[in-house]
Structure formats: structure tokens, C-alpha cells
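Structure file input03.cif with mmCIF, C-alpha atoms:
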data_data
#
loop_
_atom_site.label_atom_id
_atom_site.label_comp_id
_atom_site.auth_asym_id
_atom_site.auth_seq_id
_atom_site.Cartn_x
_atom_site.Cartn_y
_atom_site.Cartn_z
CA MET P 21 -45.62 88.28 45.29
CA HIS P 22 -44.88 86.56 48.59
CA SER P 23 -41.36 86.23 49.92
CA LEU P 24 -40.46 82.95 51.56
CA THR P 25 -39.37 82.09 55.07
CA TYR P 26 -38.02 78.59 55.72
CA LEU P 27 -39.08 77.01 58.97
CA PRO P 28 -37.13 74.41 60.95
CA SER P 29 -38.53 71.08 61.98
CA MET P 30 -39.22 71.22 65.71
CA PRO P 31 -39.92 68.61 68.38
CA MET P 32 -43.57 67.94 69.08
CA SER P 33 -45.72 65.52 71.01
CA LEU P 34 -47.84 64.43 68.05
CA PRO P 35 -47.16 61.48 65.77
CA ILE P 36 -46.56 64.08 63.05
CA PHE P 37 -43.14 64.53 64.65
CA PHE P 38 -42.04 61.34 62.92
CA LEU P 39 -42.94 62.85 59.58
CA PHE P 40 -40.10 65.30 60.07
CA LEU P 41 -37.81 62.79 61.81
CA PHE P 42 -37.84 60.20 59.05
CA PHE P 43 -38.48 62.23 55.95
CA SER P 44 -36.85 65.62 56.20
CA VAL P 45 -36.18 66.98 52.74
CA SER P 46 -35.07 70.26 54.20
CA SER P 47 -31.45 69.55 55.21
CA SER P 48 -29.48 72.78 55.24
CA SER P 49 -31.98 74.66 53.09
CA SER P 50 -34.66 74.63 55.81
CA SER P 51 -32.52 76.02 58.57
CA PRO P 52 -34.05 79.16 60.07
CA SER P 53 -33.55 82.34 58.15
CA SER P 54 -32.51 85.55 59.87
CA SER P 55 -36.11 85.76 61.02
CA SER P 56 -36.48 82.55 62.98
CA SER P 57 -39.30 84.16 64.99
CA SER P 58 -41.57 83.34 62.05
CA SER P 59 -42.05 79.88 63.57
CA SER P 60 -44.26 81.45 66.24
CA LEU P 61 -46.57 83.18 63.78
CA PRO P 62 -49.82 81.47 62.78
CA VAL P 63 -50.71 81.02 59.12
CA LEU P 64 -53.82 81.62 57.06
CA SER P 65 -55.50 80.73 53.78
CA PRO P 66 -58.08 82.55 51.64
CA ILE P 67 -61.34 80.61 51.32
CA THR P 68 -63.52 81.13 48.25
CA LYS P 69 -67.01 79.97 47.31
CA ASP P 70 -68.05 78.56 43.95
CA VAL P 71 -71.65 79.73 43.55
CA ARG P 72 -72.44 77.13 40.89
CA THR P 73 -71.68 74.18 43.18
CA ASN P 74 -71.98 75.92 46.59
CA GLN P 75 -68.57 74.47 47.41
CA TYR P 76 -65.74 76.14 49.31
CA SER P 77 -62.05 75.91 48.50
CA LEU P 78 -58.87 77.12 50.13
CA SER P 79 -55.65 78.28 48.53
CA LEU P 80 -52.14 77.20 49.46
CA HIS P 81 -48.78 76.79 47.72
CA LEU P 82 -47.47 73.33 46.81
CA LYS P 83 -44.44 71.76 45.10
CA THR P 84 -40.95 73.06 44.34
CA PRO P 85 -40.92 75.64 42.95
CA LEU P 86 -44.01 76.62 44.91
CA LYS P 87 -47.19 76.97 42.86
CA PRO P 88 -50.62 78.25 44.01
CA SER P 89 -53.08 75.39 44.41
CA LYS P 90 -56.82 75.44 45.01
CA LEU P 91 -58.25 72.58 47.08
CA PHE P 92 -61.83 71.73 47.99
CA LEU P 93 -62.42 72.48 51.68
CA ASP P 94 -63.50 69.28 53.43
CA LEU P 95 -63.93 70.15 57.11
CA GLY P 96 -64.20 66.50 58.15
CA GLY P 97 -61.48 65.14 55.86
CA LEU P 98 -58.83 63.07 57.62
CA PHE P 99 -56.08 64.17 55.23
CA SER P 100 -55.59 66.05 51.97
CA TRP P 101 -55.27 64.65 48.49
CA VAL P 102 -54.07 66.17 45.22
CA ASP P 103 -54.34 65.17 41.56
CA CYS P 104 -50.82 63.95 40.76
CA HIS P 105 -51.61 62.76 37.24
CA ARG P 106 -52.10 66.15 35.62
CA HIS P 107 -49.54 68.97 35.67
CA TYR P 108 -47.86 67.88 38.92
CA VAL P 109 -44.19 68.79 38.58
CA SER P 110 -41.96 69.16 41.63
CA SER P 111 -38.31 68.61 42.46
CA THR P 112 -38.89 67.78 46.14
CA TYR P 113 -41.58 65.10 46.34
CA HIS P 114 -40.81 61.87 48.19
CA HIS P 115 -42.68 58.59 48.40
CA ILE P 116 -43.23 57.12 51.88
CA PRO P 117 -41.89 53.56 52.32
CA CYS P 118 -44.63 51.24 53.49
CA ASN P 119 -42.40 49.60 56.10
CA SER P 120 -41.47 52.90 57.70
CA SER P 121 -42.42 54.00 61.18
CA LEU P 122 -44.15 56.99 59.64
CA CYS P 123 -46.47 54.84 57.56
CA THR P 124 -47.41 52.76 60.61
CA LEU P 125 -47.83 55.72 62.93
CA LEU P 126 -50.08 57.52 60.47
CA SER P 127 -52.15 54.38 59.82
CA LEU P 128 -51.26 54.50 56.13
CA ASN P 129 -49.94 50.98 56.47
CA SER P 130 -50.94 49.59 53.10
CA CYS P 131 -48.36 48.92 50.39
CA SER P 132 -48.79 49.87 46.77
CA ARG P 133 -47.41 47.84 43.88
CA CYS P 134 -46.72 49.29 40.48
CA TYR P 135 -45.62 47.53 37.31
CA GLY P 136 -44.69 50.55 35.23
CA ALA P 137 -41.58 52.70 35.17
CA PRO P 138 -40.81 54.42 38.51
CA SER P 139 -42.38 57.88 38.62
CA LEU P 140 -44.37 60.28 40.75
CA THR P 141 -47.42 58.02 40.54
CA CYS P 142 -45.68 54.67 40.32
CA ALA P 143 -43.43 53.35 43.09
CA ASN P 144 -43.23 49.89 44.64
CA ASP P 145 -43.37 49.22 48.38
CA THR P 146 -44.63 52.69 49.21
CA CYS P 147 -47.35 53.84 51.56
CA ALA P 148 -50.86 53.96 50.09
CA THR P 149 -54.33 54.67 51.40
CA THR P 150 -57.97 55.06 50.38
CA LEU P 151 -59.01 58.55 49.30
CA HIS P 152 -62.58 59.83 49.23
CA ASN P 153 -64.37 62.49 47.26
CA SER P 154 -66.78 63.64 49.97
CA VAL P 155 -69.15 65.22 47.44
CA THR P 156 -69.64 62.23 45.13
CA GLY P 157 -68.77 59.46 47.59
CA LYS P 158 -66.28 57.96 45.13
CA SER P 159 -63.16 56.32 46.58
CA ILE P 160 -59.87 55.12 45.12
CA PHE P 161 -56.71 53.48 46.48
CA HIS P 162 -53.52 55.42 45.78
CA GLY P 163 -50.08 56.31 47.09
CA ALA P 164 -49.07 58.96 49.62
CA LEU P 165 -46.38 61.59 49.17
CA LEU P 166 -44.36 64.19 51.04
CA ASP P 167 -43.73 67.52 49.35
CA SER P 168 -43.29 71.20 50.11
CA ALA P 169 -46.31 73.30 51.07
CA ALA P 170 -46.58 76.89 52.23
CA LEU P 171 -49.14 79.31 53.68
CA PRO P 172 -48.82 83.01 54.49
CA THR P 173 -48.03 83.94 58.08
CA THR P 174 -50.36 86.37 59.80
CA ASP P 175 -50.66 88.65 62.81
CA GLY P 176 -54.43 88.24 62.67
CA ARG P 177 -54.79 91.46 60.68
CA ASN P 178 -52.90 90.90 57.40
CA PRO P 179 -51.00 88.12 55.62
CA GLY P 180 -47.21 88.16 55.69
CA ARG P 181 -44.44 86.06 54.17
CA LEU P 182 -44.95 82.47 53.16
CA ALA P 183 -44.06 79.89 55.82
CA LEU P 184 -42.71 76.69 54.29
CA LEU P 185 -43.58 73.21 55.50
CA PRO P 186 -40.96 71.07 53.72
CA ASP P 187 -42.63 67.70 54.40
CA PHE P 188 -46.37 68.07 53.91
CA ALA P 189 -48.02 64.64 53.77
CA PHE P 190 -50.91 64.04 51.37
CA ALA P 191 -52.28 61.38 49.08
CA CYS P 192 -52.08 61.32 45.30
CA SER P 193 -55.29 60.97 43.33
CA THR P 194 -56.19 60.36 39.72
CA SER P 195 -57.83 63.17 37.76
CA GLY P 196 -61.09 61.23 37.77
CA LEU P 197 -61.54 61.73 41.50
CA LEU P 198 -62.01 65.47 40.86
CA LYS P 199 -65.36 64.83 39.17
CA GLY P 200 -68.13 66.68 41.00
CA LEU P 201 -65.81 69.31 42.46
CA ALA P 202 -65.74 72.97 41.45
CA LYS P 203 -63.85 74.09 38.36
CA GLY P 204 -60.19 74.86 39.00
CA VAL P 205 -59.90 72.65 42.08
CA THR P 206 -56.96 70.22 42.00
CA GLY P 207 -57.67 68.18 45.11
CA SER P 208 -59.19 68.20 48.58
CA ALA P 209 -57.91 69.82 51.78
CA GLY P 210 -58.77 67.72 54.82
CA LEU P 211 -59.34 69.83 57.94
CA GLY P 212 -60.67 67.01 60.10
CA TRP P 213 -59.83 65.82 63.58
CA SER P 214 -56.67 63.98 62.55
CA ASP P 215 -52.89 64.23 62.91
CA LEU P 216 -52.71 64.27 59.10
CA SER P 217 -55.15 67.14 58.54
CA LEU P 218 -53.85 70.29 56.90
CA PRO P 219 -54.24 72.48 60.01
CA VAL P 220 -52.60 69.96 62.35
CA GLN P 221 -49.61 69.43 60.06
CA PHE P 222 -48.96 73.17 59.86
CA MET P 223 -49.61 73.70 63.57
CA ALA P 224 -47.31 70.82 64.51
CA GLY P 225 -44.57 71.75 62.05
CA LEU P 226 -44.58 75.37 63.17
CA SER P 227 -44.99 74.57 66.90
CA LEU P 228 -48.29 76.45 67.05
CA PRO P 229 -51.32 75.91 69.31
CA ARG P 230 -53.80 73.28 68.13
CA VAL P 231 -56.45 75.85 67.26
CA PHE P 232 -57.86 76.92 63.91
CA ALA P 233 -60.74 79.12 62.85
CA LEU P 234 -62.87 79.46 59.72
CA CYS P 235 -64.88 82.43 58.50
CA LEU P 236 -66.70 81.51 55.28
CA SER P 237 -67.82 84.21 52.88
CA GLY P 238 -70.88 83.81 50.70
CA SER P 239 -69.53 86.30 48.17
CA PRO P 240 -68.38 84.92 44.81
CA SER P 241 -65.77 87.68 44.54
CA ALA P 242 -64.53 88.42 48.09
CA PRO P 243 -62.95 85.49 49.97
CA GLY P 244 -63.33 84.44 53.56
CA VAL P 245 -60.37 83.23 55.59
CA GLY P 246 -58.99 80.35 57.64
CA PHE P 247 -56.57 80.93 60.53
CA TYR P 248 -54.33 78.04 61.63
CA GLY P 249 -52.43 77.94 64.92
CA SER P 250 -54.06 80.95 66.56
CA ALA P 251 -56.80 81.56 69.13
CA GLY P 252 -56.82 85.21 68.04
CA PRO P 253 -56.80 87.98 67.25
CA TYR P 254 -58.98 87.64 64.16
CA ASN P 255 -59.26 91.21 62.93
CA PHE P 256 -61.80 92.20 60.30
CA LEU P 257 -62.53 95.64 58.91
CA PRO P 258 -63.38 98.00 60.50
CA GLU P 259 -61.00 96.81 63.28
CA ILE P 260 -63.30 94.16 64.77
CA ASP P 261 -61.54 91.32 66.64
CA LEU P 262 -63.96 88.40 66.29
CA SER P 263 -61.97 86.24 68.72
CA LYS P 264 -63.59 88.35 71.45
CA LYS P 265 -67.11 87.61 70.23
CA LEU P 266 -67.15 83.85 70.77
CA ILE P 267 -69.39 81.56 72.83
CA TYR P 268 -68.07 78.07 73.60
CA THR P 269 -69.44 74.56 73.57
CA PRO P 270 -67.66 71.17 73.76
CA LEU P 271 -66.34 69.62 70.55
CA LEU P 272 -67.31 65.96 70.40
CA ALA P 273 -65.73 63.07 68.52
CA ASN P 274 -67.61 61.01 65.96
CA PRO P 275 -70.16 59.09 68.06
CA SER P 276 -70.06 56.02 65.80
CA GLY P 277 -66.55 55.13 66.96
CA THR P 278 -65.39 54.55 63.36
CA PRO P 279 -62.35 56.46 62.08
CA SER P 280 -63.58 59.91 61.13
CA GLY P 281 -62.37 63.48 61.19
CA ASP P 282 -65.86 64.93 61.59
CA TYR P 283 -66.63 67.52 64.27
CA PHE P 284 -69.75 67.13 66.43
CA ILE P 285 -71.43 69.40 68.95
CA GLY P 286 -74.14 68.73 71.53
CA VAL P 287 -77.30 70.44 70.26
CA THR P 288 -80.15 69.73 72.71
CA ALA P 289 -83.04 71.75 71.24
CA LEU P 290 -84.16 74.05 68.42
CA LYS P 291 -86.03 77.28 69.06
CA VAL P 292 -87.85 79.58 66.64
CA ASN P 293 -88.20 83.15 67.89
CA GLY P 294 -87.22 81.83 71.32
CA LYS P 295 -89.92 79.13 71.37
CA ALA P 296 -88.98 75.45 71.41
CA ALA P 297 -89.77 73.49 68.25
CA ASP P 298 -91.95 70.50 69.12
CA PHE P 299 -90.11 67.20 68.56
CA ASP P 300 -88.70 64.39 70.67
CA PRO P 301 -85.33 65.70 71.97
CA ALA P 302 -84.10 62.11 72.29
CA ILE P 303 -83.58 62.19 68.52
CA LEU P 304 -80.68 64.56 69.09
CA THR P 305 -78.86 62.17 71.42
CA VAL P 306 -76.53 59.44 70.24
CA ASP P 307 -77.79 55.85 70.49
CA LEU P 308 -75.79 52.70 71.17
CA ASN P 309 -75.12 52.28 67.44
CA GLY P 310 -73.64 55.76 67.14
CA ASN P 311 -76.67 57.23 65.36
CA GLY P 312 -77.74 60.79 66.13
CA GLY P 313 -75.86 63.89 67.19
CA THR P 314 -75.07 67.13 65.37
CA MET P 315 -72.21 67.43 62.88
CA ILE P 316 -70.65 70.50 61.23
CA SER P 317 -69.96 70.09 57.51
CA THR P 318 -68.66 72.18 54.62
CA VAL P 319 -69.76 69.44 52.21
CA ALA P 320 -73.51 69.91 52.84
CA PRO P 321 -74.62 73.18 51.16
CA TYR P 322 -77.52 73.61 53.61
CA THR P 323 -78.32 72.28 57.06
CA VAL P 324 -79.96 68.84 56.94
CA LEU P 325 -82.41 67.77 59.66
CA GLU P 326 -83.95 64.43 60.60
CA SER P 327 -87.53 64.42 59.31
CA SER P 328 -89.39 65.00 62.57
CA ILE P 329 -87.02 67.85 63.48
CA TYR P 330 -87.45 69.31 60.01
CA GLU P 331 -91.26 69.18 60.21
CA ALA P 332 -91.21 70.78 63.66
CA LEU P 333 -88.96 73.57 62.37
CA ILE P 334 -91.16 74.15 59.30
CA ASN P 335 -94.37 74.33 61.36
CA ALA P 336 -92.86 76.65 63.97
CA PHE P 337 -91.30 78.89 61.32
CA ILE P 338 -94.55 79.28 59.37
CA ALA P 339 -96.46 80.05 62.58
CA GLU P 340 -93.97 82.68 63.72
CA SER P 341 -93.75 84.19 60.23
CA ALA P 342 -97.50 84.81 60.23
CA GLY P 343 -96.90 87.35 62.99
CA LEU P 344 -94.69 89.24 60.52
CA ASN P 345 -97.46 89.14 57.87
CA LEU P 346 -95.47 86.65 55.81
CA THR P 347 -97.51 84.09 53.88
CA ASP P 348 -96.01 80.90 52.50
CA HIS P 349 -95.55 81.16 48.73
CA TYR P 350 -95.50 78.33 46.21
CA PRO P 351 -92.12 76.74 47.02
CA VAL P 352 -89.20 76.21 44.68
CA LYS P 353 -87.38 72.88 44.99
CA PRO P 354 -85.48 71.78 46.97
CA PHE P 355 -87.06 74.15 49.53
CA ARG P 356 -90.46 73.82 51.25
CA VAL P 357 -91.16 77.28 52.70
CA CYS P 358 -90.81 80.45 50.61
CA PHE P 359 -91.99 84.05 50.86
CA PRO P 360 -92.26 86.72 48.12
CA ALA P 361 -89.20 88.94 48.36
CA ASP P 362 -91.36 92.08 48.17
CA ASP P 363 -93.03 91.07 51.45
CA VAL P 364 -89.77 90.61 53.37
CA MET P 365 -88.01 93.55 54.98
CA GLU P 366 -84.21 93.76 54.85
CA THR P 367 -82.10 94.23 58.01
CA ILE P 368 -78.42 94.31 58.90
CA VAL P 369 -78.59 90.53 59.49
CA GLY P 370 -80.50 89.72 56.31
CA PRO P 371 -84.22 89.28 55.65
CA ALA P 372 -86.47 90.00 58.63
CA VAL P 373 -87.74 86.52 59.49
CA PRO P 374 -88.00 84.52 62.73
CA THR P 375 -84.68 83.55 64.33
CA VAL P 376 -83.66 79.90 64.64
CA ASP P 377 -81.55 78.92 67.67
CA LEU P 378 -79.47 75.77 68.03
CA VAL P 379 -79.43 75.32 71.81
CA MET P 380 -76.36 73.63 73.30
CA GLN P 381 -75.55 72.47 76.84
CA THR P 382 -77.70 75.13 78.58
CA ASP P 383 -80.48 77.47 77.46
CA ASP P 384 -78.14 80.46 77.47
CA VAL P 385 -75.62 78.79 75.12
CA PHE P 386 -77.09 78.89 71.63
CA TRP P 387 -76.06 79.48 68.03
CA ARG P 388 -78.53 82.04 66.68
CA ILE P 389 -79.34 81.86 62.97
CA PHE P 390 -80.66 85.11 61.50
CA GLY P 391 -82.26 85.62 58.09
CA ARG P 392 -78.92 85.95 56.28
CA ASN P 393 -78.20 82.32 57.16
CA SER P 394 -81.68 80.82 57.42
CA MET P 395 -83.00 82.08 54.07
CA VAL P 396 -81.92 81.56 50.45
CA ARG P 397 -82.95 84.00 47.71
CA ILE P 398 -84.25 82.51 44.46
CA VAL P 399 -84.49 84.81 41.43
CA GLU P 400 -85.47 83.07 38.21
CA GLU P 401 -88.02 83.36 35.40
CA GLY P 402 -89.90 86.25 36.96
CA VAL P 403 -89.82 84.67 40.44
CA ASP P 404 -88.19 86.53 43.34
CA ILE P 405 -88.59 84.75 46.67
CA TRP P 406 -86.83 84.01 49.95
CA CYS P 407 -86.85 80.31 50.93
CA LEU P 408 -86.02 78.63 54.24
CA GLY P 409 -82.62 77.00 53.63
CA PHE P 410 -82.97 73.76 55.58
CA MET P 411 -83.32 70.27 54.10
CA ASP P 412 -85.22 67.13 55.08
CA GLY P 413 -82.72 64.36 55.86
CA GLY P 414 -85.30 61.59 56.10
CA VAL P 415 -86.22 59.16 58.86
CA ARG P 416 -83.44 57.61 60.98
CA PRO P 417 -80.44 59.21 59.26
CA LYS P 418 -76.99 58.45 60.59
CA THR P 419 -76.70 62.02 61.93
CA SER P 420 -79.71 63.93 63.27
CA ILE P 421 -78.48 67.40 62.28
CA VAL P 422 -75.77 68.28 59.76
CA ILE P 423 -74.98 72.00 59.90
CA GLY P 424 -74.21 73.04 56.32
CA GLY P 425 -72.15 75.70 54.63
CA HIS P 426 -74.91 78.29 54.13
CA GLN P 427 -75.56 78.43 57.86
CA MET P 428 -71.80 78.83 58.51
CA GLU P 429 -71.29 81.82 56.22
CA ASP P 430 -70.48 85.10 57.99
CA ASN P 431 -70.10 83.18 61.24
CA LEU P 432 -66.66 82.67 62.77
CA LEU P 433 -66.05 79.14 64.05
CA GLN P 434 -62.99 78.34 66.17
CA PHE P 435 -61.96 74.67 66.53
CA ASP P 436 -59.77 74.22 69.61
CA LEU P 437 -58.40 70.69 69.35
CA GLY P 438 -56.38 71.07 72.57
CA THR P 439 -59.30 71.92 74.86
CA LYS P 440 -61.85 70.13 72.64
CA ARG P 441 -64.22 73.03 72.34
CA LEU P 442 -65.91 74.99 69.56
CA GLY P 443 -66.08 78.77 69.70
CA PHE P 444 -68.87 80.28 67.61
CA SER P 445 -69.82 83.89 67.02
CA SER P 446 -73.30 83.57 65.48
CA SER P 447 -73.66 86.12 62.67
CA VAL P 448 -70.75 88.54 62.54
CA LEU P 449 -73.07 90.95 60.71
CA VAL P 450 -74.32 91.90 64.18
CA HIS P 451 -70.86 93.35 64.79
CA HIS P 452 -70.96 95.40 61.56
CA THR P 453 -68.46 93.26 59.69
CA MET P 454 -68.47 90.14 57.51
CA CYS P 455 -66.14 87.27 56.64
CA ALA P 456 -65.22 89.00 53.37
CA ASN P 457 -63.81 91.91 55.40
CA PHE P 458 -60.44 90.40 56.21
CA ASN P 459 -57.70 92.60 54.80
CA PHE P 460 -55.59 90.45 52.44
CA THR P 461 -53.15 93.28 51.74
CA SER P 462 -49.73 91.77 52.46
CA ASN P 463 -47.70 93.18 55.34
CA LYS P 464 -44.07 92.72 54.27
CA ASN P 465 -42.88 93.58 57.78
CA LEU P 466 -44.34 90.33 59.10
CA LYS P 467 -41.62 87.70 59.32
#

This structure in C-alpha cells:
Amino acid sequence: MHSLTYLPSMPMSLPIFFLFLFFSVSSSSSSPSSSSSSSSLPVLSPITKDVRTNQYSLSLHLKTPLKPSKLFLDLGGLFSWVDCHRHYVSSTYHHIPCNSSLCTLLSLNSCSRCYGAPSLTCANDTCATTLHNSVTGKSIFHGALLDSAALPTTDGRNPGRLALLPDFAFACSTSGLLKGLAKGVTGSAGLGWSDLSLPVQFMAGLSLPRVFALCLSGSPSAPGVGFYGSAGPYNFLPEIDLSKKLIYTPLLANPSGTPSGDYFIGVTALKVNGKAADFDPAILTVDLNGNGGTMISTVAPYTVLESSIYEALINAFIAESAGLNLTDHYPVKPFRVCFPADDVMETIVGPAVPTVDLVMQTDDVFWRIFGRNSMVRIVEEGVDIWCLGFMDGGVRPKTSIVIGGHQMEDNLLQFDLGTKRLGFSSSVLVHHTMCANFNFTSNKNLK
């Protein structure tokens, strides 16, 4: 069981400062404990994968008294939302008045009206906003709340005591908005480029650097991890600091100019076994309407490519695979290229197939995708095959490349919102570790 450290509200340059200024529920109870140094420690969350839906979720503590909560991980989500209509009981929640400076500053400047008895989900003249289920596309309009939230502190090697954020802002949802999400999930954690995202609220409230990192595990039993407020170390067994294994590329804002928390990077080419895939590179640029570019997403299970890019990748991959004596097998939907598993050798980085490189600003800056992340194993009804795990996104999609969850697994990604850059490791299997190798044994000496 975690012990609890209360953290003070501290001055900050972000609009989130007003969240603490106007709506502190902490009063004397949130004054620093004897270990006030805990405010300088970053925090973390376990990240699990639901193999039935290929969705990722993170764990944090909510409400008073604090209760473990499991939220769908939406990397591009502007803010978090939680089902308040089922089993939400807390003694510390507060509605946000719609005429408050906080509501205006956070752009939640719509007012809700309710004609029932005042309650958690019914309050007049309070801040409300539109919430989205990023998997189903469903949206609803509902109120926003402040309540207690907590994550374990960390030294980059183990979790420590819980750090309390007394005024965590999120939106309330109905239970119906959970449809399409993994079993046991009670809401959505927004990690997007926004002052209301989960990482930014914790980083601002704890006066931490505006940096977070994700290491997704593909294991159904061993979680990956998210680090919030730390540029490192990120230590994984056996004593591998993955913060020292990163290559950097600029993080770009949503090219469409519309409000979005999505993260983009500047991919300029694709290579298969070091050879450029043959397509018009102009497709990767962003046009005057904001179409194009490359986005990173935990919502897409697999990387999605504009059709001409997809066809070029398929053709190059088949050609290079022939040199490994791999012959395309009858495919299994939704995949187009598959090989019999008996024909594919296994290596430390997964099946031995051609590498796929996402080339960034220069030829020597690339995200290399090995077999562990390029291939998906299908075992069913006497069939055992490896399939290329990329999807056809059609002609003229809004985004040319959407990097999906499967390609992110066992890769460490660091999102530095201060310097606007992405650090990426490529496969950590190369370094003889994996994202499931973080040691979640609690260190009670961490304050």
C-alpha cells in the first residue's frame, strides 16, 4: 500500500496556476509534510495493454478517499474525463463556476444548466465542455470538476510514495461514453499538448519540467510505464538508463490550426533495408489546408499510411523479403503481406524481416522499426503466420502517416514540451531490455 505525501500549490507560469489560485481545496491539509522535497520528484503511472481491444490504459488514484482508477490512454487528448454517473463517490470534488477566471483561461467557457436536484452531475452555472471518445468518435456535452488525484513519485528506478494533486481538473462523462473502451476502464486520460492534460497538470502542480516519457509494453501481464516531469533517468532492468539512448527530432503542432492536443513529427521519407520506398515525398508535407504530416497516436492500433505510401512500403518490403527467402503467404485481414511463421527466423528484435526506417530531418536521424514492431503474429485455426502490421489509410487522408501503438511498443518516447522535441529510442530490445522491465517494487525511502 502506498503512503501519501501532500504537495503544496506552487507558483507557475502556465494558466494552470489559476486552477490552484481559485479552487484550492487543500487549505491546511495540503501544506508540505515533513518531506517537502517530494515536490521535486517526478511521478509515474503503470501502463497496461488490453489484448482484446489493443488499447492502452494508465492507472492513477482519484477521489477522497483515494481509489485506484484505470483510464484509457489517449496521447492526443486535450484533457481527461471520468464516468461520474457510476460509483463516483468523493468528499472533495468541486464544480467550476462558468463565470470564473479559471473557466475562461482553460477555454471551458460554456455554462451547464440542470433542472434536477444539485449533485455531482447536476449543478447550474458551472463550467462544461465537449468530451470525445477517441475510439468511437462519440461526443457529449458535460460538466467539469476539480478533485484529488495522485500518482507515485519516482527516482527513475522505482515508485515511491503517492504525490497528491488536490485540484485535478477533468470532465464528467456519462457511462455511455465508455462504450468501445476496454473492460474495467472508467474514463480517458488526455496526454495531449494542452495545459489541461494529465502530464501538464501534474508537472505544473509539482513544479516539474515539462517533459514526459512513455514506454508501452505489448505484454498482457507486465505493464509498461509513463514518467511525468522527468528527462531521466529512466532505468529498466538490468540497470539500463534509456534516457541515454535517445535520438531527437522536433515536435510539431497540429498543422491544421484547429484546437488539438496531437503530436506531430517531420517524417521526410521511408526506407526498407536502407533503400528509399518509391513515392512522392510531397505527400508527407503539410498543405495549405493542414492536410498531411505524421502524427503519433495511441488510439490507432497499427500505423496507418496514405495509400501511395502504403503501396510503396508493401512493394519494397516484399522485394527485400525475397532476399531472405520469404514468400508472401495468403494474407489474413486486415493485413496484406504475411509469411509462414516456420519460414521466419527469430532474433533479439523479433522476427528477422527487412527493417523499416522513418527518416526525419536528415538521413542520419531515423526511427528504425525492427520485426518486433513491424510484424504481427496471427495464430488461428491451424494458421501460424507473421503479417506486416501497417494499414492502408486511403487516398487523401487528413494525416499522411499515423504512427500506431504496435509500432510504439518497446520503444521509449520522450515528449519535451519545453524545447518542443521528441526523443525516441527505436527498439529498446537492442539494449537487452523491454518496456515491461521497469521495477514496480515500491521504494518506501523515496519521499

Discussion item. To test your reading of the syntax: which residues would the PyMOL selection byres ((chain P and resi 425-433) around 7) return for the file shown? Reply as a PyMOL selection string.
Written reply: chain P and resi 233-238+317-318+320-323+393-394+423-424+434-435+442-449+454-455

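Within the 6 Å cut-off around region 168-171 of chain P, using all atoms listed in the file and omitting residues fewer than 2 positions from it on the same chain, the listed residues are Val63, Leu80, His81, Leu82, Lys83, Leu182, Ala183, Leu184, Leu185, Pro186, Asp187 and Phe188 of chain P.
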
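With all atoms listed in the file taken into account, the protein and nucleic acid residues at most 8 Å from region 208-216 of chain P (excluding it and anything under 6 positions from it in its own chain) are Leu34, Pro35, Ile36, Leu78, Leu91, Phe92, Leu93, Asp94, Leu95, Gly96, Gly97, Leu98, Phe99, Ser100, Trp101, Val102, Leu126, Asn153, Ala189, Phe190, Ser280, Gly281, Asp282, Tyr283 and Leu437 of chain P.
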
Would you write out those residues with C-alpha atoms, as a compact mmCIF listing (two decimals), keeping the file's coordinate frame?
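Output file again.txt is given in full below:
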# COMPACT_ATOMS: atom_id res chain seq x y z
CA LEU P 34 -47.84 64.43 68.05
CA PRO P 35 -47.16 61.48 65.77
CA ILE P 36 -46.56 64.08 63.05
CA LEU P 78 -58.87 77.12 50.13
CA LEU P 91 -58.25 72.58 47.08
CA PHE P 92 -61.83 71.73 47.99
CA LEU P 93 -62.42 72.48 51.68
CA ASP P 94 -63.50 69.28 53.43
CA LEU P 95 -63.93 70.15 57.11
CA GLY P 96 -64.20 66.50 58.15
CA GLY P 97 -61.48 65.14 55.86
CA LEU P 98 -58.83 63.07 57.62
CA PHE P 99 -56.08 64.17 55.23
CA SER P 100 -55.59 66.05 51.97
CA TRP P 101 -55.27 64.65 48.49
CA VAL P 102 -54.07 66.17 45.22
CA LEU P 126 -50.08 57.52 60.47
CA ASN P 153 -64.37 62.49 47.26
CA ALA P 189 -48.02 64.64 53.77
CA PHE P 190 -50.91 64.04 51.37
CA SER P 280 -63.58 59.91 61.13
CA GLY P 281 -62.37 63.48 61.19
CA ASP P 282 -65.86 64.93 61.59
CA TYR P 283 -66.63 67.52 64.27
CA LEU P 437 -58.40 70.69 69.35

Worksheet entry | Residues selected by the PyMOL selection byres ((chain P and resi 245) around 7), written as a ChimeraX atom specification | /P:64-67,234-236,243-244,246-247

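Of the listed residues (P:Ala302, P:Cys123, P:Arg181, P:Asn463), P:Ala302 comes nearest to Thr288 (chain P); the distances count only C-alpha atoms.
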
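Taking CA of Gly370 (chain P) and CA of Leu408 (chain P) as endpoints, the distance between them is 12.6 Å.
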
Considering only C-alpha atoms, give me a table of residues in region 367-410 of chain P that are at most 8 Å from region 258-271 of chain P, with the closest atom pair and distance in Å for each, as JSON lines.
{"residue": "P:Met380", "atom": "CA", "partner": "P:Thr269", "partner_atom": "CA", "distance": 7.0}
{"residue": "P:Gln381", "atom": "CA", "partner": "P:Thr269", "partner_atom": "CA", "distance": 7.2}
{"residue": "P:Val385", "atom": "CA", "partner": "P:Ile267", "partner_atom": "CA", "distance": 7.2}

Contacts of region 328-334 of chain P at 9 Å or less, counting all atoms listed in the file, minus same-chain residues fewer than 2 places along, as a short mmCIF file (atom, residue, chain, number, x, y, z; two decimals) with C-alpha atoms, in the coordinates of the input?
data_model
loop_
_atom_site.label_atom_id
_atom_site.label_comp_id
_atom_site.auth_asym_id
_atom_site.auth_seq_id
_atom_site.Cartn_x
_atom_site.Cartn_y
_atom_site.Cartn_z
CA LEU P 290 -84.16 74.05 68.42
CA LYS P 291 -86.03 77.28 69.06
CA VAL P 292 -87.85 79.58 66.64
CA ALA P 297 -89.77 73.49 68.25
CA ASP P 298 -91.95 70.50 69.12
CA PHE P 299 -90.11 67.20 68.56
CA ASP P 300 -88.70 64.39 70.67
CA PRO P 301 -85.33 65.70 71.97
CA ILE P 303 -83.58 62.19 68.52
CA VAL P 324 -79.96 68.84 56.94
CA LEU P 325 -82.41 67.77 59.66
CA GLU P 326 -83.95 64.43 60.60
CA ALA P 336 -92.86 76.65 63.97
CA PHE P 337 -91.30 78.89 61.32
CA ILE P 338 -94.55 79.28 59.37
CA ALA P 339 -96.46 80.05 62.58
CA ARG P 356 -90.46 73.82 51.25
CA VAL P 357 -91.16 77.28 52.70
CA VAL P 376 -83.66 79.90 64.64
CA LEU P 408 -86.02 78.63 54.24
CA PHE P 410 -82.97 73.76 55.58
CA MET P 411 -83.32 70.27 54.10
CA ASP P 412 -85.22 67.13 55.08
CA GLY P 413 -82.72 64.36 55.86
CA GLY P 414 -85.30 61.59 56.10
CA VAL P 415 -86.22 59.16 58.86
CA SER P 420 -79.71 63.93 63.27
CA ILE P 421 -78.48 67.40 62.28
#

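Ranking P:Ala242, P:Leu308, P:Ala164, P:Ser217 by their shortest atom-to-atom distance to Arg230 (chain P), with all atoms listed in the file included, puts P:Ser217 first.
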
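When the distance limit is 9 Å and only C-alpha atoms are what count, the residues near Val287 (chain P), minus those fewer than 4 positions from it on the same chain, are Leu304, Thr305, Gly313, Thr314, Leu378, Val379, Met380, Gln381, Phe386 and Ile421 of chain P.
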
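Minimum atom-to-atom distance to Asp363 (chain P), evaluated using all atoms listed in the file, belongs to P:Ile405 out of P:Ile405, P:Leu151, P:Met395, P:Ala289.
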